[in-house]
Amino acid sequence: MRPQRALPLLLALLLGLSGCTSVVTPREVSHALPAADSAFGRSVQRQAAPYEGRSGFRLLPNSNEAFRARAELIRNAQASIDLQYYIVHDGLSTRALVHELLRAADRGVRVRILLDDTTSDGLDNLMGTLAAHPNIQIRVFNPLHLGRSTGPTRAVGRLFNLSRQHRRMHNKLFLVDNSMAIVGGRNLGDEYFDAEPNLNFTDIDLLGVGPVAEQLGHSFDQYWNSALSRPIGDFLWRQPDADDLFISRQRLEVSLAEARLKRKALYDRLMAYQSQPRLDVWRNELIWAHSQALWDAPSKVLADGEPDPQLLLTQQLAPDLNHVHKELILVSAYFVPGEPGLLYLTSRADAGTSVKLLTNSLEATDVPAVHGGYAPYRRALLEHGVQLYELRRQPGDPRPRLGFHGSSDSSLHSKAMVFDQRKTFIGSFNFDPRSVLWNTEVGVMVDSPELAEYTRELALQGMAPALSYQVKLLEGKMVWATEDNGQRHILVTEPGGIWRRFNAWISKAVGLEKML
């Protein structure tokens, strides 16, 4: 009996000790700095003024442009940089951006970085060292109150708080001087910028210039100042100081210098922004249009059960979803419609709307369990005329291309919607229960036929027979139509290995759909 009684006490002690910190920093409220505070911001205001409230937009549909845009924005920042991300992975691309962030902070730019708690596992000391810079602040969203310090105690801490720990901040936002912003599906890490040798993600980002950036600044402030966001210093036993930061910066310089020699081709591609900047060229190519930034309320994650619909981004998307008549194009890396989504899509198709979906095939997805949540809906969708395209695992191609090719195998990670060839929504939102109910998301709706056509062309490129399987019903059986070496053919067995099939099956068998 004694060991059984002692176990809860031991767990409580472990959790309590692991949650201790040397310093609990006072909560400071801060807000996005006005664009007018910097010469760069004022130049954007002057550029936007003739367009009377409209914002400027440019798609960033390939990894080279997506990385270059982020690096160049940091270089142009004069007052503030606000970054909000679900995932930050170490790698050459991340180190290059951190190097630029430190240089920006050195010249007096205020840097605020907000990361989701779960995906910052093991990074506390690194983040704390970066935050030792007087101009850099780092917070984590929805952190464990107990058990953050070690892997075992984190695991136990989650067991005692499962209702909160599956609710994550999935937002991706890159904001400079409150005047230019990037939203989309990309996190920060080599696999999002075609710099990972094994598997990269195909994605679409949107550069927004002018009033929309200010709107996105309000979204960042809501999360930053939320009671759910806590300074990284709250979780450190010892606060890193200037000496720790100096040592880390030396190591960073050494690692970049080594990469310049040992990974020359990749280094030169990523660092091309230093000698051949493109931001001024892009500013002359912007599409100016009316737009609206949309985001979930951060309090969404506090709901005991399903959150109040009024807190959800989907409530803001509803008017456009309900009024599409001619064509709806969905690009969603992870697609699990659920009964509400199935009813919506089939009713649109029944009413004569052309509904096209591009998602990952079983062989291409990085999360086979999500495919298990999607697969049972295919037959009903097809029977009502919804067109389904599943992106194949794309072999590497060293030539830079738009959208769906990279230097290594790729998997779809994009999230976009095109309504009646007029409006486009691009952000972090997937068409699945996790994005709808559990994760927080952010994105931008743009009312522009020109931008809609460009996004539509990228989606149709991904739906081409050489890149995707079109799922069809042939004599009542599901088949996969595709093309290899210019020859069209039909597969009667779904492409994907045994292990992927098992993972997809098990998620359906144990009823994980609402968690996917």
# chains A, B, ... in the order shown; residues from 1 in each chain; ligands from 1
call {"tool": "residues_around", "arguments": {"residues": "Leu188 in chain A", "least_positions_apart": "4", "cutoff": "10 Å", "atoms": "only C-alpha atoms", "output": "list in words"}}
result
Phe67, Tyr85, Tyr86, Ile87, Val88, His89, Asp90, Gly91, Ser93, Thr94, Leu97, Lys172, Tyr192 and Phe193 of chain A
call {"tool": "write_last_selection", "arguments": {"atoms": "N, CA, C and O atoms", "output": "tab-separated table (two decimals), in the first residue's frame"}}
result
chain	number	residue	atom	x	y	z
A	67	PHE	N	11.55	32.57	-48.39
A	67	PHE	CA	12.67	32.84	-47.49
A	67	PHE	C	13.22	34.24	-47.71
A	67	PHE	O	13.48	34.99	-46.76
A	85	TYR	N	4.61	32.00	-34.41
A	85	TYR	CA	4.76	30.73	-35.12
A	85	TYR	C	4.40	29.54	-34.26
A	85	TYR	O	4.60	29.53	-33.04
A	86	TYR	N	3.92	28.52	-34.95
A	86	TYR	CA	3.58	27.24	-34.34
A	86	TYR	C	4.84	26.38	-34.16
A	86	TYR	O	5.03	25.75	-33.14
A	87	ILE	N	5.69	26.37	-35.18
A	87	ILE	CA	6.90	25.55	-35.17
A	87	ILE	C	8.10	26.40	-35.58
A	87	ILE	O	8.02	27.15	-36.56
A	88	VAL	N	9.20	26.27	-34.85
A	88	VAL	CA	10.50	26.79	-35.29
A	88	VAL	C	11.50	25.66	-35.12
A	88	VAL	O	11.75	25.20	-34.01
A	89	HIS	N	12.06	25.20	-36.23
A	89	HIS	CA	13.05	24.13	-36.22
A	89	HIS	C	14.43	24.69	-36.52
A	89	HIS	O	14.57	25.60	-37.33
A	90	ASP	N	15.43	24.12	-35.88
A	90	ASP	CA	16.81	24.53	-36.14
A	90	ASP	C	17.21	24.10	-37.54
A	90	ASP	O	16.71	23.12	-38.09
A	91	GLY	N	18.12	24.85	-38.14
A	91	GLY	CA	18.60	24.56	-39.48
A	91	GLY	C	19.26	25.80	-40.05
A	91	GLY	O	19.24	26.88	-39.44
A	93	SER	N	18.42	27.74	-42.58
A	93	SER	CA	17.51	28.85	-42.86
A	93	SER	C	17.13	29.58	-41.58
A	93	SER	O	17.10	30.82	-41.54
A	94	THR	N	16.84	28.83	-40.51
A	94	THR	CA	16.47	29.45	-39.25
A	94	THR	C	17.64	30.22	-38.66
A	94	THR	O	17.48	31.35	-38.16
A	97	LEU	N	18.01	33.52	-40.40
A	97	LEU	CA	17.01	34.50	-39.98
A	97	LEU	C	17.30	35.01	-38.58
A	97	LEU	O	17.12	36.21	-38.30
A	172	LYS	N	0.63	31.55	-38.12
A	172	LYS	CA	1.93	31.90	-38.71
A	172	LYS	C	1.84	33.35	-39.20
A	172	LYS	O	1.09	33.65	-40.12
A	192	TYR	N	10.57	23.96	-44.73
A	192	TYR	CA	9.60	24.89	-45.29
A	192	TYR	C	10.22	25.80	-46.35
A	192	TYR	O	9.50	26.59	-46.98
A	193	PHE	N	11.54	25.68	-46.54
A	193	PHE	CA	12.23	26.54	-47.51
A	193	PHE	C	13.09	25.73	-48.47
A	193	PHE	O	14.09	26.21	-48.98
call {"tool": "residues_around", "arguments": {"residues": "Glu453 in chain A", "least_positions_apart": "5", "cutoff": "12 Å", "atoms": "only C-alpha atoms", "output": "JSON, numbers by chain"}}
result
{"A": [59, 287, 327, 329, 417, 418, 419, 420, 421, 422, 423, 424, 446, 447, 448, 458, 459, 460]}
call {"tool": "residues_around", "arguments": {"residues": "range 24-39 of chain A", "least_positions_apart": "5", "cutoff": "8 Å", "atoms": "only C-alpha atoms", "output": "ChimeraX atom specification"}}
result
/A:45,78-80,82,177-179,214,217-218,220-221,224-225,230-231,233-234
call {"tool": "select_by_dssp", "arguments": {"residues": "range 361-451 of chain A", "states": "strand (DSSP E or B)", "output": "number ranges by chain"}}
result
A: 387-391, 394, 409-412, 415-419, 423-427, 440, 442-447
call {"tool": "write_last_selection", "arguments": {"atoms": "C-alpha atoms", "output": "CSV table (one decimal), in the first residue's frame"}}
result
chain,number,residue,atom,x,y,z
A,387,GLN,CA,-13.7,16.8,-57.7
A,388,LEU,CA,-10.9,15.3,-55.5
A,389,TYR,CA,-7.2,15.6,-56.3
A,390,GLU,CA,-4.5,14.1,-54.2
A,391,LEU,CA,-1.0,15.4,-54.7
A,394,GLN,CA,6.9,14.8,-55.8
A,409,ASP,CA,10.8,15.0,-52.3
A,410,SER,CA,7.9,17.2,-51.3
A,411,SER,CA,4.5,17.0,-49.5
A,412,LEU,CA,1.7,19.5,-49.7
A,415,LYS,CA,-3.8,26.3,-47.2
A,416,ALA,CA,-5.9,28.4,-49.6
A,417,MET,CA,-9.4,28.9,-50.8
A,418,VAL,CA,-10.7,30.7,-54.0
A,419,PHE,CA,-14.3,31.8,-54.1
A,423,LYS,CA,-11.9,36.2,-53.5
A,424,THR,CA,-8.9,34.4,-52.1
A,425,PHE,CA,-8.2,33.3,-48.5
A,426,ILE,CA,-4.7,32.4,-47.5
A,427,GLY,CA,-3.5,31.6,-44.0
A,440,THR,CA,-6.0,29.0,-33.3
A,442,VAL,CA,-4.9,33.5,-38.8
A,443,GLY,CA,-5.3,34.5,-42.5
A,444,VAL,CA,-6.3,37.2,-45.0
A,445,MET,CA,-9.3,37.4,-47.3
A,446,VAL,CA,-8.5,39.4,-50.5
A,447,ASP,CA,-11.2,40.6,-52.9
call {"tool": "select_by_dssp", "arguments": {"residues": "range 146-278 of chain A", "states": "alpha helix (DSSP H)", "output": "VMD selection string"}}
result
chain A and resid 151 to 159 162 to 165 211 to 224 242 to 262 264 to 270 272 to 275
call {"tool": "atom_distance", "arguments": {"atom1": "CA of Ala272 in chain A", "atom2": "CA of Val98 in chain A"}}
result
16.5 Å
call {"tool": "atom_distance", "arguments": {"atom1": "CA of Asp244 in chain A", "atom2": "CA of Leu173 in chain A"}}
result
28.3 Å
call {"tool": "residues_around", "arguments": {"residues": "Gly122 in chain A", "least_positions_apart": "3", "cutoff": "12 Å", "atoms": "only C-alpha atoms", "output": "list in words"}}
result
Val88, His89, Asp90, Asp117, Thr118, Thr119, Asn125, Leu126, Met127, Gly128, Arg148, Ser149, Thr150, Gly151, Pro152, Arg154, Ile232, Phe235 and Leu236 of chain A
call {"tool": "write_last_selection", "arguments": {"atoms": "C-alpha atoms", "output": "PDB file, in the first residue's frame"}}
result
ATOM      1  CA  VAL A  88      10.499  26.791 -35.286  1.00  0.00           C
ATOM      2  CA  HIS A  89      13.045  24.126 -36.217  1.00  0.00           C
ATOM      3  CA  ASP A  90      16.807  24.525 -36.136  1.00  0.00           C
ATOM      4  CA  ASP A 117       4.425  26.032 -26.112  1.00  0.00           C
ATOM      5  CA  THR A 118       4.268  22.429 -27.319  1.00  0.00           C
ATOM      6  CA  THR A 119       6.586  22.833 -30.283  1.00  0.00           C
ATOM      7  CA  ASN A 125      17.663  27.944 -22.753  1.00  0.00           C
ATOM      8  CA  LEU A 126      18.173  28.889 -26.393  1.00  0.00           C
ATOM      9  CA  MET A 127      15.127  31.151 -26.348  1.00  0.00           C
ATOM     10  CA  GLY A 128      16.159  32.602 -23.010  1.00  0.00           C
ATOM     11  CA  ARG A 148       7.907  22.083 -18.619  1.00  0.00           C
ATOM     12  CA  SER A 149      11.532  21.627 -17.614  1.00  0.00           C
ATOM     13  CA  THR A 150      12.131  17.992 -18.653  1.00  0.00           C
ATOM     14  CA  GLY A 151      10.696  15.531 -21.139  1.00  0.00           C
ATOM     15  CA  PRO A 152       9.324  13.094 -18.526  1.00  0.00           C
ATOM     16  CA  ARG A 154       6.214  17.431 -19.532  1.00  0.00           C
ATOM     17  CA  ILE A 232      10.227  32.481 -21.568  1.00  0.00           C
ATOM     18  CA  PHE A 235      10.505  28.850 -17.097  1.00  0.00           C
ATOM     19  CA  LEU A 236      14.246  29.234 -16.560  1.00  0.00           C
TER      20      LEU A 236
END
call {"tool": "closest_residue", "arguments": {"among": "A:Thr202, A:Ser43, A:Ser229, A:Asn485", "to": "Ile113 in chain A", "atoms": "only C-alpha atoms"}}
result
A:Ser229
call {"tool": "atom_distance", "arguments": {"atom1": "CA of His413 in chain A", "atom2": "CA of Asn430 in chain A"}}
result
9.3 Å
call {"tool": "closest_residue", "arguments": {"among": "A:Gln274, A:Ser55, A:Gly189, A:Arg378", "to": "Leu342 in chain A", "atoms": "only C-alpha atoms"}}
result
A:Arg378
call {"tool": "closest_residue", "arguments": {"among": "A:Gly385, A:Pro449, A:Gly462, A:Gly486", "to": "Thr353 in chain A", "atoms": "only C-alpha atoms"}}
result
A:Gly385
call {"tool": "residues_around", "arguments": {"residues": "Gly53 in chain A", "least_positions_apart": "4", "cutoff": "10 Å", "atoms": "only C-alpha atoms", "output": "list of chain:residue names"}}
result
A:Ala48, A:Ala49, A:Gly210, A:Pro211, A:Val212, A:Trp288, A:Ala289, A:His290, A:Ser291
call {"tool": "closest_residue", "arguments": {"among": "A:Leu252, A:Val44, A:Ile204, A:Leu302", "to": "Val331 in chain A", "atoms": "only C-alpha atoms"}}
result
A:Ile204
call {"tool": "residues_around", "arguments": {"residues": "Pro495 in chain A", "least_positions_apart": "6", "cutoff": "8 Å", "atoms": "only C-alpha atoms", "output": "count of residues only"}}
result
3
call {"tool": "closest_residue", "arguments": {"among": "A:Leu330, A:Met271, A:Val471, A:Ala303", "to": "Leu381 in chain A", "atoms": "only C-alpha atoms"}}
result
A:Val471
call {"tool": "residues_around", "arguments": {"residues": "Thr314 in chain A", "least_positions_apart": "4", "cutoff": "8 Å", "atoms": "only C-alpha atoms", "output": "PyMOL selection string"}}
result
chain A and resi 309+318+436
